[in-house]
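Shown next, in structure tokens, is the structure this report addresses.
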Amino acid sequence: MTALRRLASPVLTRGGRFSVFKATTLGLIFIPGVWLLAQYLAGALGARPVLALVHGFGLWTLRLLLITLALTPARSLLNAARLNLVRRMLGVATAAYGGLHLALYAAQQNWHLGHVASEIWRRVYLTIGFGALVLLLALAATSTDGMMRALGRNWKRLHRLAYGIAVLGLVHYFMQAKAEVYEAAIAAGLFVWLMAWRALPAAWRGKPVAPVILLPVGMLGTAGLEYAWYAAATRVTAGRVWAANFHLTHWRPAIWTGLWGAAALAVVVLVAAVRGWRRDRVAAPSAQPVARMR
Ligand code: HEM
């Protein structure tokens, strides 16, 4: 492979053709990072801008991880095999955002690497984040064609670790958020949705019935995990947090998970309807001569 082709490989298909889909995805991946850095340079990140960057990159590490995990259900529900084209790219981007998250934390500690290491060792939520990052980097390092060939079937087994990494990332998120876990609860609910999809019978996973079933499961998962966190790890009266889910004046995290679930259902129904309409249009002209012959 020439050096130029190797450089361009993220936007090429396996057959070596330029892929607009891959190029667009690559461009989108850069947006959050560039946006955060632009805000930093514009002095728009408040009194502790480097810490704000640490938060921003941490949040996007977890978001990209959840998006990567959502590709398999999306491919199955939308019957869109081309989503496979960007899975590796998204996985590697997740690890890159994670690496930058750690680098920014080190920058925030004025590059006192001994102190960074001792903090990671001493603080449980940082140890958990570190574990997640090491595994993310291991998955990224084994994402080359050569490693995929060398690992064979074990590659798939190894990459199932992504689900465990998401759990570690979520625990790290909840622990650092302490008593303000609004967004962490939404992320956890979306993860429950993804896991519940995997638990469905294989025959249902690609059908619209899947997002119908998963919508309440995701909502309940969000409210349940939020309740469990407040009950187990804080002094907040968890029962009141649970009860707030039934007062629609305050939008609790479960409502947002429900909206995401409803959006997934709407996309599945819409794509199926458009495909059906297109099929009918293609089939219609061939039916005409038959009708005339009669
Ligand atoms: C060596 C590895 C890591 C270190 C040292 C680290 C460190 C940190 C620190 C210092 C914070 C801010 C805490 C505070 O302000 O009290 C943070 C927040 C966060 N980290 Fe990490 N982290 C690591 C790995 C990860 C990984 C792998 C993920 C995702 C899978 C992640 C996701 C997050 C999230 C979502 C937040 C909260 C962002 C927000 O509140 O807006 N971190 N991390």
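Each chain in the structure tokens gets a letter, A, B, ..., in the order shown, and its residues are numbered from 1; ligands are numbered from 1 in order too.
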
Worksheet item: Can you list, as a list in words, every protein, DNA or RNA residue that comes within 10 Å of segment 139-155 of chain A when you count only C-alpha atoms, leaving out same-chain residues fewer than 6 positions away?
Response: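 Contacts, in chain order: Arg88, Met89, Leu90, Gly91, Val92, Ala93, Thr94, Ala95, Ala96, Leu133, Leu161 and Ala162 of chain A.
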
Could you take the residues named above and write them with C-alpha atoms, as a PDB file, in the first residue's frame?
```pdb
ATOM      1  CA  ARG A  88     -13.924   0.966  13.085  1.00  0.00           C
ATOM      2  CA  MET A  89     -13.503   4.716  12.500  1.00  0.00           C
ATOM      3  CA  LEU A  90     -15.919   5.555  15.323  1.00  0.00           C
ATOM      4  CA  GLY A  91     -14.239   3.098  17.691  1.00  0.00           C
ATOM      5  CA  VAL A  92     -10.788   4.586  17.037  1.00  0.00           C
ATOM      6  CA  ALA A  93     -12.208   8.120  17.405  1.00  0.00           C
ATOM      7  CA  THR A  94     -13.670   7.141  20.807  1.00  0.00           C
ATOM      8  CA  ALA A  95     -10.208   6.036  21.966  1.00  0.00           C
ATOM      9  CA  ALA A  96      -8.657   9.262  20.581  1.00  0.00           C
ATOM     10  CA  LEU A 133      -9.267   4.015  28.719  1.00  0.00           C
ATOM     11  CA  LEU A 161     -15.378  -5.699  25.722  1.00  0.00           C
ATOM     12  CA  ALA A 162     -16.802  -2.419  24.393  1.00  0.00           C
TER      13      ALA A 162
END
```

Proximity of chain A to ligand 1: per-residue shortest pair, 7 Å limit, only C-alpha atoms and all ligand atoms, as JSON lines:
```
{"residue": "A:Leu51", "atom": "CA", "partner": "ligand 1", "partner_atom_place_in_ligand_line": "15 (O)", "distance": 6.6}
{"residue": "A:Val54", "atom": "CA", "partner": "ligand 1", "partner_atom_place_in_ligand_line": "11 (C)", "distance": 6.1}
{"residue": "A:His55", "atom": "CA", "partner": "ligand 1", "partner_atom_place_in_ligand_line": "38 (C)", "distance": 3.9}
{"residue": "A:Gly56", "atom": "CA", "partner": "ligand 1", "partner_atom_place_in_ligand_line": "41 (O)", "distance": 5.6}
{"residue": "A:Gly58", "atom": "CA", "partner": "ligand 1", "partner_atom_place_in_ligand_line": "33 (C)", "distance": 3.7}
{"residue": "A:Leu59", "atom": "CA", "partner": "ligand 1", "partner_atom_place_in_ligand_line": "35 (C)", "distance": 3.8}
{"residue": "A:Thr61", "atom": "CA", "partner": "ligand 1", "partner_atom_place_in_ligand_line": "29 (C)", "distance": 4.8}
{"residue": "A:Leu62", "atom": "CA", "partner": "ligand 1", "partner_atom_place_in_ligand_line": "29 (C)", "distance": 4.3}
{"residue": "A:Leu65", "atom": "CA", "partner": "ligand 1", "partner_atom_place_in_ligand_line": "30 (C)", "distance": 6.8}
{"residue": "A:Gly98", "atom": "CA", "partner": "ligand 1", "partner_atom_place_in_ligand_line": "27 (C)", "distance": 5.2}
{"residue": "A:His101", "atom": "CA", "partner": "ligand 1", "partner_atom_place_in_ligand_line": "22 (N)", "distance": 6.3}
{"residue": "A:Leu102", "atom": "CA", "partner": "ligand 1", "partner_atom_place_in_ligand_line": "4 (C)", "distance": 5.0}
{"residue": "A:Tyr105", "atom": "CA", "partner": "ligand 1", "partner_atom_place_in_ligand_line": "10 (C)", "distance": 5.7}
{"residue": "A:Ile120", "atom": "CA", "partner": "ligand 1", "partner_atom_place_in_ligand_line": "5 (C)", "distance": 6.1}
{"residue": "A:Leu126", "atom": "CA", "partner": "ligand 1", "partner_atom_place_in_ligand_line": "5 (C)", "distance": 5.1}
{"residue": "A:Gly129", "atom": "CA", "partner": "ligand 1", "partner_atom_place_in_ligand_line": "24 (C)", "distance": 3.7}
{"residue": "A:Phe130", "atom": "CA", "partner": "ligand 1", "partner_atom_place_in_ligand_line": "1 (C)", "distance": 3.5}
{"residue": "A:Ala132", "atom": "CA", "partner": "ligand 1", "partner_atom_place_in_ligand_line": "27 (C)", "distance": 4.6}
{"residue": "A:Leu133", "atom": "CA", "partner": "ligand 1", "partner_atom_place_in_ligand_line": "27 (C)", "distance": 4.0}
{"residue": "A:Ile165", "atom": "CA", "partner": "ligand 1", "partner_atom_place_in_ligand_line": "30 (C)", "distance": 6.6}
{"residue": "A:Ala166", "atom": "CA", "partner": "ligand 1", "partner_atom_place_in_ligand_line": "30 (C)", "distance": 5.9}
{"residue": "A:Leu168", "atom": "CA", "partner": "ligand 1", "partner_atom_place_in_ligand_line": "30 (C)", "distance": 7.0}
{"residue": "A:Gly169", "atom": "CA", "partner": "ligand 1", "partner_atom_place_in_ligand_line": "30 (C)", "distance": 3.8}
{"residue": "A:Leu170", "atom": "CA", "partner": "ligand 1", "partner_atom_place_in_ligand_line": "30 (C)", "distance": 7.0}
{"residue": "A:His172", "atom": "CA", "partner": "ligand 1", "partner_atom_place_in_ligand_line": "33 (C)", "distance": 6.3}
{"residue": "A:Tyr173", "atom": "CA", "partner": "ligand 1", "partner_atom_place_in_ligand_line": "34 (C)", "distance": 4.7}
{"residue": "A:Gln176", "atom": "CA", "partner": "ligand 1", "partner_atom_place_in_ligand_line": "16 (O)", "distance": 5.1}
{"residue": "A:Ala177", "atom": "CA", "partner": "ligand 1", "partner_atom_place_in_ligand_line": "40 (O)", "distance": 6.2}
```

Worksheet item: segment 76-276 of chain A: which residues are helix (DSSP H, G or I) by DSSP, as a VMD selection string?
Response: chain A and resid 76 to 78 81 to 108 113 to 122 124 to 141 145 to 151 153 to 159 161 to 177 182 to 199 202 to 204 209 to 233 238 to 244 253 to 276

Discussion item. When you look at segment 23-37 of chain A with a cut-off of 9 Å (counting only C-alpha atoms), what residues show up, excluding the ones that are within fewer than 2 positions of it in the same chain? I need them as a PyMOL selection string.
Written reply: chain A and resi 10-12+18-21+39-42+45+52-53+56-57+60+64+86+89-90+93+97

Using N, CA and C atoms, can you write the selected residues to a file as a PDB file, in the first residue's frame?
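The file below, result-v9.pdb, is the result:
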```
ATOM      1  N   PRO A  10      -8.915   5.976   5.665  1.00  0.00           N
ATOM      2  CA  PRO A  10     -10.154   6.166   6.432  1.00  0.00           C
ATOM      3  C   PRO A  10     -11.355   6.554   5.565  1.00  0.00           C
ATOM      4  N   VAL A  11     -11.098   7.137   4.381  1.00  0.00           N
ATOM      5  CA  VAL A  11     -12.253   7.561   3.564  1.00  0.00           C
ATOM      6  C   VAL A  11     -12.413   6.697   2.314  1.00  0.00           C
ATOM      7  N   LEU A  12     -11.712   5.550   2.275  1.00  0.00           N
ATOM      8  CA  LEU A  12     -11.844   4.651   1.113  1.00  0.00           C
ATOM      9  C   LEU A  12     -12.631   3.400   1.507  1.00  0.00           C
ATOM     10  N   PHE A  18     -13.392   6.106  -3.215  1.00  0.00           N
ATOM     11  CA  PHE A  18     -13.695   7.170  -2.257  1.00  0.00           C
ATOM     12  C   PHE A  18     -15.137   7.008  -1.769  1.00  0.00           C
ATOM     13  N   SER A  19     -15.350   7.099  -0.441  1.00  0.00           N
ATOM     14  CA  SER A  19     -16.695   6.955   0.113  1.00  0.00           C
ATOM     15  C   SER A  19     -17.145   8.280   0.745  1.00  0.00           C
ATOM     16  N   VAL A  20     -18.193   8.858   0.155  1.00  0.00           N
ATOM     17  CA  VAL A  20     -18.728  10.126   0.688  1.00  0.00           C
ATOM     18  C   VAL A  20     -19.218   9.897   2.125  1.00  0.00           C
ATOM     19  N   PHE A  21     -19.837   8.740   2.359  1.00  0.00           N
ATOM     20  CA  PHE A  21     -20.369   8.422   3.685  1.00  0.00           C
ATOM     21  C   PHE A  21     -19.252   8.400   4.735  1.00  0.00           C
ATOM     22  N   GLN A  39     -13.918  27.191  21.397  1.00  0.00           N
ATOM     23  CA  GLN A  39     -14.480  27.882  22.566  1.00  0.00           C
ATOM     24  C   GLN A  39     -13.378  28.234  23.566  1.00  0.00           C
ATOM     25  N   TYR A  40     -12.427  27.291  23.702  1.00  0.00           N
ATOM     26  CA  TYR A  40     -11.290  27.534  24.610  1.00  0.00           C
ATOM     27  C   TYR A  40     -10.490  28.751  24.132  1.00  0.00           C
ATOM     28  N   LEU A  41     -10.187  28.761  22.821  1.00  0.00           N
ATOM     29  CA  LEU A  41      -9.375  29.861  22.276  1.00  0.00           C
ATOM     30  C   LEU A  41     -10.123  31.189  22.345  1.00  0.00           C
ATOM     31  N   ALA A  42     -11.466  31.119  22.271  1.00  0.00           N
ATOM     32  CA  ALA A  42     -12.270  32.348  22.327  1.00  0.00           C
ATOM     33  C   ALA A  42     -12.509  32.797  23.772  1.00  0.00           C
ATOM     34  N   LEU A  45     -14.952  29.395  27.920  1.00  0.00           N
ATOM     35  CA  LEU A  45     -15.179  28.197  28.743  1.00  0.00           C
ATOM     36  C   LEU A  45     -15.165  28.481  30.250  1.00  0.00           C
ATOM     37  N   ALA A  52     -12.996  22.611  31.962  1.00  0.00           N
ATOM     38  CA  ALA A  52     -14.170  22.521  31.075  1.00  0.00           C
ATOM     39  C   ALA A  52     -13.844  21.655  29.856  1.00  0.00           C
ATOM     40  N   LEU A  53     -12.591  21.758  29.366  1.00  0.00           N
ATOM     41  CA  LEU A  53     -12.181  20.900  28.239  1.00  0.00           C
ATOM     42  C   LEU A  53     -12.144  19.430  28.661  1.00  0.00           C
ATOM     43  N   GLY A  56     -15.636  18.309  28.613  1.00  0.00           N
ATOM     44  CA  GLY A  56     -16.169  18.207  27.241  1.00  0.00           C
ATOM     45  C   GLY A  56     -15.650  16.962  26.542  1.00  0.00           C
ATOM     46  N   PHE A  57     -14.338  16.707  26.641  1.00  0.00           N
ATOM     47  CA  PHE A  57     -13.775  15.540  25.956  1.00  0.00           C
ATOM     48  C   PHE A  57     -14.232  14.239  26.620  1.00  0.00           C
ATOM     49  N   TRP A  60     -17.716  13.542  25.351  1.00  0.00           N
ATOM     50  CA  TRP A  60     -17.735  13.058  23.962  1.00  0.00           C
ATOM     51  C   TRP A  60     -17.130  11.667  23.821  1.00  0.00           C
ATOM     52  N   LEU A  64     -19.446   9.056  21.961  1.00  0.00           N
ATOM     53  CA  LEU A  64     -18.974   8.323  20.774  1.00  0.00           C
ATOM     54  C   LEU A  64     -19.020   6.819  21.008  1.00  0.00           C
ATOM     55  N   VAL A  86     -18.268   2.455   8.936  1.00  0.00           N
ATOM     56  CA  VAL A  86     -17.748   3.503   9.824  1.00  0.00           C
ATOM     57  C   VAL A  86     -17.536   3.029  11.264  1.00  0.00           C
ATOM     58  N   MET A  89     -13.881   3.299  12.393  1.00  0.00           N
ATOM     59  CA  MET A  89     -13.503   4.716  12.500  1.00  0.00           C
ATOM     60  C   MET A  89     -14.044   5.322  13.800  1.00  0.00           C
ATOM     61  N   LEU A  90     -15.311   5.000  14.111  1.00  0.00           N
ATOM     62  CA  LEU A  90     -15.919   5.555  15.323  1.00  0.00           C
ATOM     63  C   LEU A  90     -15.254   5.005  16.584  1.00  0.00           C
ATOM     64  N   ALA A  93     -11.968   6.732  16.980  1.00  0.00           N
ATOM     65  CA  ALA A  93     -12.208   8.120  17.405  1.00  0.00           C
ATOM     66  C   ALA A  93     -12.553   8.172  18.893  1.00  0.00           C
ATOM     67  N   TYR A  97     -10.559  10.468  21.556  1.00  0.00           N
ATOM     68  CA  TYR A  97     -11.161  11.457  22.466  1.00  0.00           C
ATOM     69  C   TYR A  97     -10.816  11.108  23.919  1.00  0.00           C
TER      70      TYR A  97
END
```

Worksheet entry | Pick from A:Leu66, A:Ala103, A:Ala264, A:Ala228 nearest to Phe191 of chain A, counting only C-alpha atoms |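 Distance minimum relative to Phe191 of chain A lands on A:Leu66.
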
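For the choices A:Leu104, A:Leu78, A:Met219, A:Ala283, the atom-to-atom distance to Ile255 of chain A is smallest for A:Met219 when using only C-alpha atoms.
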
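Picture a line from atom CA of Val50 of chain A to atom CA of Trp111 of chain A; it runs 12.4 Å.
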
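Nearest residue to Ala210 of chain A, choosing from A:Ala185, A:Ala74, A:Val274, A:Ala80 and counting only C-alpha atoms: A:Ala74.
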
What's the 10 Å shell around Tyr182 of chain A, counting only C-alpha atoms, without same-chain residues fewer than 6 positions away, as a short mmCIF file (atom, residue, chain, number, x, y, z; two decimals) with N, CA and C atoms, in the first residue's frame?
```cif
data_model
loop_
_atom_site.label_atom_id
_atom_site.label_comp_id
_atom_site.auth_asym_id
_atom_site.auth_seq_id
_atom_site.Cartn_x
_atom_site.Cartn_y
_atom_site.Cartn_z
N PHE A 174 -21.00 8.71 36.74
CA PHE A 174 -21.87 8.85 37.92
C PHE A 174 -21.06 9.28 39.13
N THR A 222 -33.75 3.99 32.92
CA THR A 222 -33.22 5.30 33.32
C THR A 222 -33.70 5.66 34.72
N GLU A 226 -31.37 5.77 38.08
CA GLU A 226 -31.27 7.07 38.77
C GLU A 226 -31.68 6.90 40.24
N ARG A 252 -37.80 14.72 33.78
CA ARG A 252 -36.77 13.88 34.36
C ARG A 252 -36.00 13.17 33.24
N PRO A 253 -34.81 12.61 33.55
CA PRO A 253 -34.01 11.94 32.51
C PRO A 253 -34.79 10.86 31.74
N ALA A 254 -35.72 10.15 32.45
CA ALA A 254 -36.45 9.07 31.77
C ALA A 254 -37.23 9.60 30.56
#
```

Discussion item. If I take atom CA of Arg87 of chain A and atom CA of Leu69 of chain A, how far is one from the other in Å, to one decimal?
Written reply: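 Answer for the atom CA of Arg87 of chain A to atom CA of Leu69 of chain A separation: 8.7 Å.
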